[in-house]
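Comments concern the structure below.
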There are 2 protein chains.
Amino acid sequence: MNTAPVFAALAHPVRRQVISLLLVRERTAGAIAEEFEISRSAVSEHLGILRHANLVREAKSGRERIYSLNAEPLAGLRDWLEPFATYWKARLSQLAQQLEQDEQ
Amino acid sequence: MNTAPVFAALAHPVRRQVISLLLVRERTAGAIAEEFEISRSAVSEHLGILRHANLVREAKSGRERIYSLNAEPLAGLRDWLEPFATYWKARLSQLAQQLEQDEQ
DNA sequence: GGGATATGTCGGGAATTGTTGACATGTCGG
DNA sequence: CCGACATGTCAACAATTCCCGACATATCCC
């Protein structure tokens with residue numbers, strides 16, 4: 001899985017908020033659009049970008065499209081983050097050692 | 001800490017690669033620029049964006065600027081990811097239950 | 001001091017992204 | 001069948017991002 005489209009998709013605040021909304025529960029395209037000030041077509045194109053990054057699933061139900069979250073690509077992002085996590089843990093344990101030394 | 005500048009900074013592949021380089025070891029601006037095909041000034045502006053997102057630290061050393069990684073803002077990103085992690089874990093345990101049922 | 005070196009910043013242009021209103025398609029309910 | 005509704009797509013424009021070459025500043029070395 002390529003992480004580039006995921007990073008790009010998450011760069012826009014509207015798209016981050018969309019997947020946060022979908023974390024609570026799935027919603028129709030219209031219900032999602034109502035949450036924002038921008039036009040419905042702008043939201044529709046944000047949804048297209050999220051779909052392209054495979055972060056959402058789309059289910060047809062009559063004349064509605066129900067969007068639901070697909071969190072798998074975010075796991076790739078977590079994996080990308082992993083090496084950095086060890087870095088800041090190292091820094092923290094370094095800080096802890098420093099504090100211990102200071103106490104003596 | 002606001003995560004928006006961090007997400008924006010990580011949207012560009014060059015900037016992601018820069019902080020990956022800095023994860024290995026700190027480097028001068030010139031050494032970073034040599035890693036890429038684009039011009040030195042373009043890299044310098046990417047470094048400015050990373051600095052603005054607080055993802056790198058800059059130390060003057062004579063006429064050189066030594067850049068080092070500051071991973072703390074990435075912790076905020078991991079925190080943002082956390083609720084989604086529970087989601088995909090739930091899906092996995094759901095899948096595990098399904099497999100158990102299938103076995104019976 | 002003076003030329004070479006390292007680096008940030010700026011102006012401008014190309015490329016990309018974001019937004020909107022208009023339109024097309026498909027569906028519902030009578 | 002027909003009007004209302006839900007939604008995606010498109011053309012056009014605005015805003016932003018990206019990139020480069022030119023320049024300014026500070027430092028090094030002789």
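Going through the structure tokens in order, the chains are called A, B, and so on, while each chain numbers its residues from 1 and the ligands are numbered from 1 in the order shown.
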| field | Proximal residues of chain D relative to chain B (only C-alpha atoms (C1' of nucleotides); 7 Å) as a ChimeraX atom specification | value | /D:19,26-27
| task | May I have the residues of chain B within 8 Å of chain A, counting only C-alpha atoms, written as a ChimeraX atom specification? | result | /B:4,7-8,10-13,23,71-72,74-75,78,81,84-85,87-88
Once you have the residues from the selection above, write them out as a PDB file, in the first residue's frame, restricted to N, CA and C atoms.
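Below you can see result15.pdb, which holds the result:
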ATOM      1  N   ALA B   4      -2.511  20.688  12.496  1.00  0.00           N
ATOM      2  CA  ALA B   4      -2.707  21.076  11.092  1.00  0.00           C
ATOM      3  C   ALA B   4      -1.387  21.329  10.354  1.00  0.00           C
ATOM      4  N   PHE B   7       0.329  17.929   9.580  1.00  0.00           N
ATOM      5  CA  PHE B   7      -0.270  17.214   8.450  1.00  0.00           C
ATOM      6  C   PHE B   7       0.123  17.873   7.132  1.00  0.00           C
ATOM      7  N   ALA B   8       0.075  19.208   7.107  1.00  0.00           N
ATOM      8  CA  ALA B   8       0.419  19.924   5.873  1.00  0.00           C
ATOM      9  C   ALA B   8       1.872  19.673   5.499  1.00  0.00           C
ATOM     10  N   LEU B  10       3.728  17.119   6.176  1.00  0.00           N
ATOM     11  CA  LEU B  10       3.975  15.741   5.745  1.00  0.00           C
ATOM     12  C   LEU B  10       3.307  15.418   4.418  1.00  0.00           C
ATOM     13  N   ALA B  11       2.563  16.350   3.871  1.00  0.00           N
ATOM     14  CA  ALA B  11       1.851  16.082   2.621  1.00  0.00           C
ATOM     15  C   ALA B  11       2.808  15.957   1.444  1.00  0.00           C
ATOM     16  N   HIS B  12       3.973  16.574   1.531  1.00  0.00           N
ATOM     17  CA  HIS B  12       4.906  16.557   0.397  1.00  0.00           C
ATOM     18  C   HIS B  12       5.978  15.483   0.588  1.00  0.00           C
ATOM     19  N   PRO B  13       6.176  14.649  -0.445  1.00  0.00           N
ATOM     20  CA  PRO B  13       7.126  13.539  -0.326  1.00  0.00           C
ATOM     21  C   PRO B  13       8.537  13.990   0.022  1.00  0.00           C
ATOM     22  N   LEU B  23      16.167  11.340  10.770  1.00  0.00           N
ATOM     23  CA  LEU B  23      16.013  10.282  11.766  1.00  0.00           C
ATOM     24  C   LEU B  23      17.312   9.481  11.891  1.00  0.00           C
ATOM     25  N   ALA B  71      10.897  15.166  16.925  1.00  0.00           N
ATOM     26  CA  ALA B  71       9.810  14.219  16.665  1.00  0.00           C
ATOM     27  C   ALA B  71       8.557  14.479  17.494  1.00  0.00           C
ATOM     28  N   GLU B  72       8.632  15.370  18.452  1.00  0.00           N
ATOM     29  CA  GLU B  72       7.480  15.599  19.335  1.00  0.00           C
ATOM     30  C   GLU B  72       6.167  15.843  18.585  1.00  0.00           C
ATOM     31  N   LEU B  74       5.118  14.722  15.971  1.00  0.00           N
ATOM     32  CA  LEU B  74       4.617  13.468  15.420  1.00  0.00           C
ATOM     33  C   LEU B  74       3.840  12.680  16.462  1.00  0.00           C
ATOM     34  N   ALA B  75       4.140  12.946  17.731  1.00  0.00           N
ATOM     35  CA  ALA B  75       3.373  12.295  18.796  1.00  0.00           C
ATOM     36  C   ALA B  75       1.917  12.770  18.737  1.00  0.00           C
ATOM     37  N   ARG B  78       0.236  10.816  16.154  1.00  0.00           N
ATOM     38  CA  ARG B  78      -0.098   9.480  16.645  1.00  0.00           C
ATOM     39  C   ARG B  78      -1.350   9.543  17.528  1.00  0.00           C
ATOM     40  N   LEU B  81      -4.348   9.668  15.545  1.00  0.00           N
ATOM     41  CA  LEU B  81      -4.599   8.373  14.913  1.00  0.00           C
ATOM     42  C   LEU B  81      -5.230   7.372  15.874  1.00  0.00           C
ATOM     43  N   PHE B  84      -8.774   5.818  15.649  1.00  0.00           N
ATOM     44  CA  PHE B  84      -8.941   4.971  14.473  1.00  0.00           C
ATOM     45  C   PHE B  84      -8.317   3.604  14.704  1.00  0.00           C
ATOM     46  N   ALA B  85      -7.249   3.579  15.500  1.00  0.00           N
ATOM     47  CA  ALA B  85      -6.593   2.312  15.813  1.00  0.00           C
ATOM     48  C   ALA B  85      -7.585   1.385  16.507  1.00  0.00           C
ATOM     49  N   TYR B  87     -10.633   1.360  16.118  1.00  0.00           N
ATOM     50  CA  TYR B  87     -11.583   0.925  15.095  1.00  0.00           C
ATOM     51  C   TYR B  87     -11.067  -0.292  14.345  1.00  0.00           C
ATOM     52  N   TRP B  88      -9.818  -0.228  13.872  1.00  0.00           N
ATOM     53  CA  TRP B  88      -9.380  -1.373  13.071  1.00  0.00           C
ATOM     54  C   TRP B  88      -9.055  -2.585  13.942  1.00  0.00           C
TER      55      TRP B  88
END
Fit chain B to chain A, all Cα atoms paired in order, least squares. Then write it as a compact mmCIF listing (two decimals) with N, CA and C atoms, in the first residue's frame.
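Written output follows (selection-v6.txt):
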# COMPACT_ATOMS: atom_id res chain seq x y z
N MET B 1 0.88 -1.22 0.02
CA MET B 1 0.03 -0.01 0.03
C MET B 1 0.89 1.24 0.05
N ASN B 2 0.59 2.16 -0.85
CA ASN B 2 1.32 3.42 -0.92
C ASN B 2 0.73 4.44 0.04
N THR B 3 1.58 5.04 0.86
CA THR B 3 1.06 5.98 1.86
C THR B 3 0.87 7.38 1.30
N ALA B 4 1.46 7.68 0.15
CA ALA B 4 1.42 9.05 -0.38
C ALA B 4 0.00 9.59 -0.52
N PRO B 5 -0.94 8.86 -1.14
CA PRO B 5 -2.30 9.40 -1.26
C PRO B 5 -2.96 9.60 0.10
N VAL B 6 -2.59 8.81 1.08
CA VAL B 6 -3.17 8.96 2.42
C VAL B 6 -2.69 10.26 3.05
N PHE B 7 -1.38 10.50 3.00
CA PHE B 7 -0.86 11.76 3.53
C PHE B 7 -1.50 12.95 2.81
N ALA B 8 -1.62 12.84 1.49
CA ALA B 8 -2.21 13.94 0.72
C ALA B 8 -3.66 14.16 1.12
N ALA B 9 -4.39 13.06 1.32
CA ALA B 9 -5.80 13.18 1.67
C ALA B 9 -5.97 13.85 3.03
N LEU B 10 -5.08 13.53 3.95
CA LEU B 10 -5.22 14.07 5.31
C LEU B 10 -4.70 15.50 5.42
N ALA B 11 -4.15 16.03 4.35
CA ALA B 11 -3.58 17.38 4.41
C ALA B 11 -4.67 18.44 4.56
N HIS B 12 -5.88 18.15 4.11
CA HIS B 12 -6.94 19.15 4.16
C HIS B 12 -7.84 18.95 5.38
N PRO B 13 -8.07 20.03 6.13
CA PRO B 13 -8.86 19.92 7.37
C PRO B 13 -10.25 19.35 7.14
N VAL B 14 -10.89 19.72 6.04
CA VAL B 14 -12.23 19.18 5.78
C VAL B 14 -12.19 17.67 5.67
N ARG B 15 -11.18 17.15 4.96
CA ARG B 15 -11.12 15.70 4.79
C ARG B 15 -10.80 14.99 6.10
N ARG B 16 -9.99 15.62 6.94
CA ARG B 16 -9.74 15.01 8.26
C ARG B 16 -11.02 14.96 9.07
N GLN B 17 -11.79 16.05 8.99
CA GLN B 17 -13.04 16.08 9.77
C GLN B 17 -14.05 15.07 9.23
N VAL B 18 -14.06 14.87 7.93
CA VAL B 18 -14.98 13.89 7.34
C VAL B 18 -14.72 12.51 7.91
N ILE B 19 -13.46 12.09 7.93
CA ILE B 19 -13.24 10.72 8.42
C ILE B 19 -13.44 10.65 9.94
N SER B 20 -13.30 11.79 10.63
CA SER B 20 -13.65 11.79 12.06
C SER B 20 -15.14 11.61 12.25
N LEU B 21 -15.91 12.25 11.36
CA LEU B 21 -17.36 12.08 11.41
C LEU B 21 -17.74 10.62 11.15
N LEU B 22 -17.06 10.02 10.18
CA LEU B 22 -17.38 8.64 9.81
C LEU B 22 -16.93 7.65 10.88
N LEU B 23 -16.00 8.10 11.73
CA LEU B 23 -15.59 7.24 12.84
C LEU B 23 -16.75 7.05 13.81
N VAL B 24 -17.57 8.10 13.97
CA VAL B 24 -18.73 8.01 14.85
C VAL B 24 -19.78 7.07 14.26
N ARG B 25 -20.12 7.35 13.01
CA ARG B 25 -21.08 6.48 12.32
C ARG B 25 -21.05 6.81 10.83
N GLU B 26 -21.50 5.86 10.03
CA GLU B 26 -21.56 6.08 8.58
C GLU B 26 -22.65 7.10 8.26
N ARG B 27 -22.49 7.79 7.14
CA ARG B 27 -23.42 8.86 6.78
C ARG B 27 -23.60 8.93 5.27
N THR B 28 -24.71 9.51 4.86
CA THR B 28 -24.90 9.76 3.44
C THR B 28 -24.08 10.97 3.02
N ALA B 29 -23.84 11.09 1.71
CA ALA B 29 -23.09 12.22 1.19
C ALA B 29 -23.73 13.54 1.61
N GLY B 30 -25.05 13.59 1.55
CA GLY B 30 -25.74 14.82 1.92
C GLY B 30 -25.56 15.17 3.38
N ALA B 31 -25.63 14.17 4.25
CA ALA B 31 -25.47 14.41 5.69
C ALA B 31 -24.06 14.93 5.97
N ILE B 32 -23.08 14.42 5.24
CA ILE B 32 -21.70 14.90 5.41
C ILE B 32 -21.60 16.36 4.96
N ALA B 33 -22.20 16.65 3.80
CA ALA B 33 -22.10 18.00 3.25
C ALA B 33 -22.71 19.03 4.19
N GLU B 34 -23.79 18.63 4.89
CA GLU B 34 -24.46 19.57 5.80
C GLU B 34 -23.57 20.03 6.95
N GLU B 35 -22.54 19.25 7.23
CA GLU B 35 -21.64 19.57 8.35
C GLU B 35 -20.69 20.72 8.02
N PHE B 36 -20.63 21.10 6.75
CA PHE B 36 -19.64 22.11 6.34
C PHE B 36 -20.31 23.31 5.69
N GLU B 37 -19.57 24.40 5.70
CA GLU B 37 -20.07 25.64 5.12
C GLU B 37 -19.94 25.65 3.60
N ILE B 38 -18.97 24.93 3.09
CA ILE B 38 -18.70 24.96 1.65
C ILE B 38 -19.79 24.24 0.88
N SER B 39 -19.76 24.38 -0.44
CA SER B 39 -20.83 23.85 -1.28
C SER B 39 -20.84 22.32 -1.27
N ARG B 40 -21.97 21.79 -1.68
CA ARG B 40 -22.11 20.34 -1.71
C ARG B 40 -21.16 19.70 -2.71
N SER B 41 -20.93 20.37 -3.84
CA SER B 41 -20.05 19.77 -4.83
C SER B 41 -18.59 19.76 -4.36
N ALA B 42 -18.22 20.77 -3.60
CA ALA B 42 -16.86 20.77 -3.03
C ALA B 42 -16.68 19.58 -2.11
N VAL B 43 -17.69 19.34 -1.26
CA VAL B 43 -17.62 18.20 -0.36
C VAL B 43 -17.57 16.90 -1.16
N SER B 44 -18.35 16.84 -2.22
CA SER B 44 -18.38 15.64 -3.05
C SER B 44 -16.99 15.35 -3.62
N GLU B 45 -16.26 16.41 -3.98
CA GLU B 45 -14.90 16.19 -4.50
C GLU B 45 -13.93 15.79 -3.39
N HIS B 46 -14.13 16.31 -2.21
CA HIS B 46 -13.31 15.84 -1.09
C HIS B 46 -13.57 14.34 -0.86
N LEU B 47 -14.83 13.95 -0.97
CA LEU B 47 -15.16 12.53 -0.81
C LEU B 47 -14.48 11.69 -1.89
N GLY B 48 -14.39 12.24 -3.10
CA GLY B 48 -13.71 11.53 -4.17
C GLY B 48 -12.24 11.30 -3.85
N ILE B 49 -11.60 12.31 -3.25
CA ILE B 49 -10.19 12.18 -2.88
C ILE B 49 -10.03 11.13 -1.78
N LEU B 50 -10.94 11.14 -0.81
CA LEU B 50 -10.89 10.14 0.26
C LEU B 50 -11.12 8.74 -0.31
N ARG B 51 -12.01 8.63 -1.29
CA ARG B 51 -12.28 7.34 -1.93
C ARG B 51 -11.01 6.87 -2.65
N HIS B 52 -10.36 7.80 -3.34
CA HIS B 52 -9.15 7.46 -4.09
C HIS B 52 -8.04 7.00 -3.15
N ALA B 53 -8.00 7.56 -1.95
CA ALA B 53 -6.99 7.17 -0.96
C ALA B 53 -7.44 5.92 -0.20
N ASN B 54 -8.63 5.41 -0.58
CA ASN B 54 -9.16 4.18 0.02
C ASN B 54 -9.49 4.34 1.51
N LEU B 55 -9.76 5.59 1.90
CA LEU B 55 -10.06 5.84 3.32
C LEU B 55 -11.55 5.72 3.61
N VAL B 56 -12.38 5.70 2.57
CA VAL B 56 -13.82 5.53 2.76
C VAL B 56 -14.34 4.48 1.80
N ARG B 57 -15.44 3.87 2.18
CA ARG B 57 -16.16 2.95 1.33
C ARG B 57 -17.49 3.60 0.99
N GLU B 58 -18.00 3.28 -0.19
CA GLU B 58 -19.23 3.90 -0.66
C GLU B 58 -20.23 2.79 -0.98
N ALA B 59 -21.43 2.91 -0.42
CA ALA B 59 -22.47 1.92 -0.69
C ALA B 59 -23.69 2.62 -1.26
N LYS B 60 -24.17 2.15 -2.39
CA LYS B 60 -25.38 2.74 -2.98
C LYS B 60 -26.60 2.19 -2.25
N SER B 61 -27.52 3.11 -1.98
CA SER B 61 -28.78 2.71 -1.34
C SER B 61 -29.85 3.61 -1.92
N GLY B 62 -30.50 3.13 -2.94
CA GLY B 62 -31.45 3.98 -3.64
C GLY B 62 -30.74 5.14 -4.27
N ARG B 63 -31.25 6.35 -4.05
CA ARG B 63 -30.57 7.51 -4.62
C ARG B 63 -29.51 8.07 -3.69
N GLU B 64 -29.31 7.43 -2.56
CA GLU B 64 -28.30 7.91 -1.60
C GLU B 64 -27.03 7.09 -1.73
N ARG B 65 -25.91 7.72 -1.35
CA ARG B 65 -24.65 6.99 -1.23
C ARG B 65 -24.24 7.06 0.24
N ILE B 66 -24.09 5.91 0.82
CA ILE B 66 -23.71 5.86 2.23
C ILE B 66 -22.21 5.66 2.33
N TYR B 67 -21.56 6.61 2.99
CA TYR B 67 -20.11 6.52 3.15
C TYR B 67 -19.79 5.96 4.53
N SER B 68 -18.80 5.06 4.53
CA SER B 68 -18.33 4.52 5.80
C SER B 68 -16.80 4.57 5.81
N LEU B 69 -16.25 4.54 7.00
CA LEU B 69 -14.81 4.65 7.16
C LEU B 69 -14.11 3.36 6.80
N ASN B 70 -12.96 3.48 6.14
CA ASN B 70 -12.06 2.36 5.98
C ASN B 70 -10.72 2.75 6.59
N ALA B 71 -10.46 2.26 7.79
CA ALA B 71 -9.31 2.75 8.56
C ALA B 71 -8.00 2.05 8.20
N GLU B 72 -8.05 1.01 7.42
CA GLU B 72 -6.83 0.25 7.12
C GLU B 72 -5.67 1.12 6.63
N PRO B 73 -5.88 2.02 5.68
CA PRO B 73 -4.74 2.83 5.21
C PRO B 73 -4.10 3.64 6.34
N LEU B 74 -4.85 3.95 7.37
CA LEU B 74 -4.28 4.68 8.49
C LEU B 74 -3.28 3.83 9.26
N ALA B 75 -3.44 2.51 9.15
CA ALA B 75 -2.46 1.63 9.78
C ALA B 75 -1.10 1.81 9.11
N GLY B 76 -1.10 1.99 7.80
CA GLY B 76 0.15 2.25 7.08
C GLY B 76 0.80 3.53 7.56
N LEU B 77 -0.03 4.51 7.88
CA LEU B 77 0.48 5.77 8.40
C LEU B 77 1.12 5.57 9.77
N ARG B 78 0.45 4.77 10.59
CA ARG B 78 1.01 4.46 11.91
C ARG B 78 2.35 3.74 11.75
N ASP B 79 2.43 2.82 10.77
CA ASP B 79 3.69 2.12 10.53
C ASP B 79 4.79 3.10 10.13
N TRP B 80 4.42 4.08 9.29
CA TRP B 80 5.41 5.08 8.88
C TRP B 80 5.90 5.85 10.09
N LEU B 81 5.02 6.04 11.05
CA LEU B 81 5.34 6.83 12.24
C LEU B 81 6.21 6.07 13.23
N GLU B 82 6.15 4.75 13.14
CA GLU B 82 6.77 3.88 14.15
C GLU B 82 8.24 4.23 14.45
N PRO B 83 9.11 4.34 13.45
CA PRO B 83 10.53 4.63 13.73
C PRO B 83 10.71 5.92 14.51
N PHE B 84 9.85 6.88 14.27
CA PHE B 84 9.96 8.15 14.98
C PHE B 84 9.54 7.99 16.44
N ALA B 85 8.60 7.08 16.67
CA ALA B 85 8.15 6.82 18.04
C ALA B 85 9.33 6.35 18.88
N THR B 86 10.13 5.45 18.35
CA THR B 86 11.31 4.98 19.10
C THR B 86 12.21 6.16 19.40
N TYR B 87 12.28 7.11 18.47
CA TYR B 87 13.13 8.28 18.68
C TYR B 87 12.67 9.08 19.88
N TRP B 88 11.37 9.39 19.94
CA TRP B 88 10.98 10.25 21.06
C TRP B 88 10.92 9.48 22.38
N LYS B 89 10.75 8.17 22.31
CA LYS B 89 10.88 7.38 23.53
C LYS B 89 12.31 7.43 24.05
N ALA B 90 13.27 7.34 23.11
CA ALA B 90 14.68 7.44 23.50
C ALA B 90 14.95 8.76 24.19
N ARG B 91 14.42 9.82 23.62
CA ARG B 91 14.59 11.15 24.21
C ARG B 91 14.01 11.18 25.63
N LEU B 92 12.85 10.56 25.78
CA LEU B 92 12.22 10.58 27.10
C LEU B 92 13.05 9.80 28.11
N SER B 93 13.57 8.62 27.72
CA SER B 93 14.36 7.84 28.67
C SER B 93 15.67 8.58 28.97
N GLN B 94 16.17 9.29 27.96
CA GLN B 94 17.36 10.13 28.16
C GLN B 94 17.06 11.18 29.24
N LEU B 95 15.88 11.80 29.09
CA LEU B 95 15.47 12.82 30.05
C LEU B 95 15.32 12.21 31.44
N ALA B 96 14.76 11.01 31.50
CA ALA B 96 14.58 10.33 32.78
C ALA B 96 15.93 10.07 33.45
N GLN B 97 16.89 9.61 32.64
CA GLN B 97 18.24 9.38 33.17
C GLN B 97 18.84 10.67 33.71
N GLN B 98 18.61 11.74 32.96
CA GLN B 98 19.12 13.04 33.37
C GLN B 98 18.55 13.42 34.75
N LEU B 99 17.26 13.21 34.90
CA LEU B 99 16.60 13.56 36.15
C LEU B 99 17.14 12.71 37.29
N GLU B 100 17.38 11.42 37.01
CA GLU B 100 17.96 10.54 38.04
C GLU B 100 19.32 11.05 38.48
N GLN B 101 20.14 11.42 37.49
CA GLN B 101 21.48 11.94 37.81
C GLN B 101 21.38 13.20 38.65
N ASP B 102 20.42 14.06 38.29
CA ASP B 102 20.27 15.32 39.01
C ASP B 102 19.94 15.08 40.48
N GLU B 103 19.24 13.96 40.73
CA GLU B 103 18.83 13.69 42.11
C GLU B 103 20.00 13.30 42.99
N GLN B 104 21.04 12.74 42.38
CA GLN B 104 22.17 12.27 43.19
C GLN B 104 23.06 13.41 43.65
Residues of chain C that approach chain A to 8 Å or less, counting only C-alpha atoms (C1' of nucleotides): could you list each one with the shortest pair of atoms and its distance in Å to one decimal, rows by chain and increasing residue number, as a tab-separated table?
residue	atom	partner	partner_atom	distance
C:DG18	C1'	A:Ala42	CA	7.6
C:DT19	C1'	A:Ala42	CA	6.1
C:DT20	C1'	A:Ser39	CA	7.1
C:DG26	C1'	A:Arg63	CA	6.9
C:DT27	C1'	A:Arg63	CA	4.9
C:DC28	C1'	A:Arg63	CA	7.7
Output C-alpha atoms (C1' of nucleotides) for every residue in the selection just made, as a short mmCIF file (atom, residue, chain, number, x, y, z; two decimals), in the first residue's frame.
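And here's again21.cif as it stands now:
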data_model
loop_
_atom_site.label_atom_id
_atom_site.label_comp_id
_atom_site.auth_asym_id
_atom_site.auth_seq_id
_atom_site.Cartn_x
_atom_site.Cartn_y
_atom_site.Cartn_z
"C1'" DG C 18 -10.04 24.24 -3.87
"C1'" DT C 19 -14.47 26.16 -4.77
"C1'" DT C 20 -18.66 27.26 -7.08
"C1'" DG C 26 -30.56 7.93 -11.37
"C1'" DT C 27 -34.26 7.26 -7.81
"C1'" DC C 28 -38.35 8.08 -5.06
#
| request: Give the strand (DSSP E or B) residues of chain B, as assigned by DSSP on the backbone, as a PyMOL selection string. | output: chain B and resi 27-28+56-61+64-69
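When only C-alpha atoms (C1' of nucleotides) are used to compute distances to DG30 in chain C, the closest of the residues D:DT9, D:DC30, D:DC18, D:DG3 turns out to be D:DG3.
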| Residues of chain B in alpha helix (DSSP H), written as a PyMOL selection string | chain B and resi 4-10+13-24+29-34+40-52+72-103
Would you export the selected residues with C-alpha atoms as a PDB file, in the first residue's frame, please?
ATOM      1  CA  ALA B   4      -2.707  21.076  11.092  1.00  0.00           C
ATOM      2  CA  PRO B   5       0.793  22.358  10.165  1.00  0.00           C
ATOM      3  CA  VAL B   6       2.197  18.883  10.814  1.00  0.00           C
ATOM      4  CA  PHE B   7      -0.270  17.214   8.450  1.00  0.00           C
ATOM      5  CA  ALA B   8       0.419  19.924   5.873  1.00  0.00           C
ATOM      6  CA  ALA B   9       4.171  19.495   6.230  1.00  0.00           C
ATOM      7  CA  LEU B  10       3.975  15.741   5.745  1.00  0.00           C
ATOM      8  CA  PRO B  13       7.126  13.539  -0.326  1.00  0.00           C
ATOM      9  CA  VAL B  14      10.324  15.591  -0.193  1.00  0.00           C
ATOM     10  CA  ARG B  15       9.517  16.798   3.306  1.00  0.00           C
ATOM     11  CA  ARG B  16       8.705  13.282   4.474  1.00  0.00           C
ATOM     12  CA  GLN B  17      12.022  12.080   3.118  1.00  0.00           C
ATOM     13  CA  VAL B  18      13.871  14.938   4.801  1.00  0.00           C
ATOM     14  CA  ILE B  19      12.691  13.993   8.254  1.00  0.00           C
ATOM     15  CA  SER B  20      13.446  10.339   7.471  1.00  0.00           C
ATOM     16  CA  LEU B  21      16.980  11.404   6.635  1.00  0.00           C
ATOM     17  CA  LEU B  22      17.201  13.341   9.884  1.00  0.00           C
ATOM     18  CA  LEU B  23      16.013  10.282  11.766  1.00  0.00           C
ATOM     19  CA  VAL B  24      19.280   8.594  10.773  1.00  0.00           C
ATOM     20  CA  ALA B  29      21.226  22.172   4.825  1.00  0.00           C
ATOM     21  CA  GLY B  30      23.622  21.494   1.974  1.00  0.00           C
ATOM     22  CA  ALA B  31      23.903  17.789   2.743  1.00  0.00           C
ATOM     23  CA  ILE B  32      20.105  17.557   2.734  1.00  0.00           C
ATOM     24  CA  ALA B  33      19.832  19.412  -0.567  1.00  0.00           C
ATOM     25  CA  GLU B  34      22.299  17.019  -2.208  1.00  0.00           C
ATOM     26  CA  ARG B  40      18.900  24.061  -3.317  1.00  0.00           C
ATOM     27  CA  SER B  41      16.519  26.957  -2.756  1.00  0.00           C
ATOM     28  CA  ALA B  42      13.500  24.685  -3.160  1.00  0.00           C
ATOM     29  CA  VAL B  43      14.921  22.406  -0.480  1.00  0.00           C
ATOM     30  CA  SER B  44      15.613  25.429   1.705  1.00  0.00           C
ATOM     31  CA  GLU B  45      11.937  26.377   1.495  1.00  0.00           C
ATOM     32  CA  HIS B  46      10.870  22.852   2.361  1.00  0.00           C
ATOM     33  CA  LEU B  47      13.122  23.149   5.406  1.00  0.00           C
ATOM     34  CA  GLY B  48      11.369  26.395   6.285  1.00  0.00           C
ATOM     35  CA  ILE B  49       7.999  24.625   6.228  1.00  0.00           C
ATOM     36  CA  LEU B  50       9.357  21.830   8.428  1.00  0.00           C
ATOM     37  CA  ARG B  51      10.769  24.447  10.805  1.00  0.00           C
ATOM     38  CA  HIS B  52       7.388  26.183  10.915  1.00  0.00           C
ATOM     39  CA  GLU B  72       7.480  15.599  19.335  1.00  0.00           C
ATOM     40  CA  PRO B  73       4.860  16.955  16.899  1.00  0.00           C
ATOM     41  CA  LEU B  74       4.617  13.468  15.420  1.00  0.00           C
ATOM     42  CA  ALA B  75       3.373  12.295  18.796  1.00  0.00           C
ATOM     43  CA  GLY B  76       0.364  14.576  18.291  1.00  0.00           C
ATOM     44  CA  LEU B  77      -0.213  12.870  14.975  1.00  0.00           C
ATOM     45  CA  ARG B  78      -0.098   9.480  16.645  1.00  0.00           C
ATOM     46  CA  ASP B  79      -2.643  10.755  19.194  1.00  0.00           C
ATOM     47  CA  TRP B  80      -4.909  11.871  16.359  1.00  0.00           C
ATOM     48  CA  LEU B  81      -4.599   8.373  14.913  1.00  0.00           C
ATOM     49  CA  GLU B  82      -5.399   6.628  18.183  1.00  0.00           C
ATOM     50  CA  PRO B  83      -9.240   6.504  17.916  1.00  0.00           C
ATOM     51  CA  PHE B  84      -8.941   4.971  14.473  1.00  0.00           C
ATOM     52  CA  ALA B  85      -6.593   2.312  15.813  1.00  0.00           C
ATOM     53  CA  THR B  86      -9.329   1.075  18.140  1.00  0.00           C
ATOM     54  CA  TYR B  87     -11.583   0.925  15.095  1.00  0.00           C
ATOM     55  CA  TRP B  88      -9.380  -1.373  13.071  1.00  0.00           C
ATOM     56  CA  LYS B  89      -8.611  -3.497  16.109  1.00  0.00           C
ATOM     57  CA  ALA B  90     -12.361  -3.933  16.560  1.00  0.00           C
ATOM     58  CA  ARG B  91     -12.623  -5.016  12.948  1.00  0.00           C
ATOM     59  CA  LEU B  92      -9.832  -7.514  13.446  1.00  0.00           C
ATOM     60  CA  SER B  93     -11.400  -9.039  16.577  1.00  0.00           C
ATOM     61  CA  GLN B  94     -14.693  -9.144  14.672  1.00  0.00           C
ATOM     62  CA  LEU B  95     -12.904 -11.059  11.932  1.00  0.00           C
ATOM     63  CA  ALA B  96     -11.364 -13.385  14.504  1.00  0.00           C
ATOM     64  CA  GLN B  97     -14.802 -14.120  15.970  1.00  0.00           C
ATOM     65  CA  GLN B  98     -16.086 -14.807  12.494  1.00  0.00           C
ATOM     66  CA  LEU B  99     -13.290 -17.292  11.890  1.00  0.00           C
ATOM     67  CA  GLU B 100     -14.010 -19.005  15.218  1.00  0.00           C
ATOM     68  CA  GLN B 101     -17.671 -19.358  14.284  1.00  0.00           C
ATOM     69  CA  ASP B 102     -16.730 -20.749  10.894  1.00  0.00           C
ATOM     70  CA  GLU B 103     -14.706 -23.458  12.586  1.00  0.00           C
TER      71      GLU B 103
END
| said: Using only C-alpha atoms (C1' of nucleotides), which protein or nucleic acid residues come within 12 Å of DC29 in chain D? Drop anything in the same chain fewer than 6 positions from it, and give the result as an NGL selection string. | reply: :C and (1-5)
When you look at DG12 in chain C with a cut-off of 10 Å (counting only C-alpha atoms (C1' of nucleotides)), what residues show up, excluding the ones that are within fewer than 2 positions of it in the same chain? I need them as a PDB file with C-alpha atoms (C1' of nucleotides), in the first residue's frame.
ATOM      1  C1'  DC C  10      12.367  37.164  -2.799  1.00  0.00           C
ATOM      2  C1'  DA C  14       4.111  27.030 -13.728  1.00  0.00           C
TER       3       DA C  14
ATOM      4  C1'  DC D  20      13.797  28.251 -10.058  1.00  0.00           C
TER       5       DC D  20
END
| Gap from C1' of DG8 in chain D to C1' of DT17 in chain C - Å, one decimal |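 Atom-to-atom, C1' of DG8 in chain D to C1' of DT17 in chain C, that is 18.6 Å.
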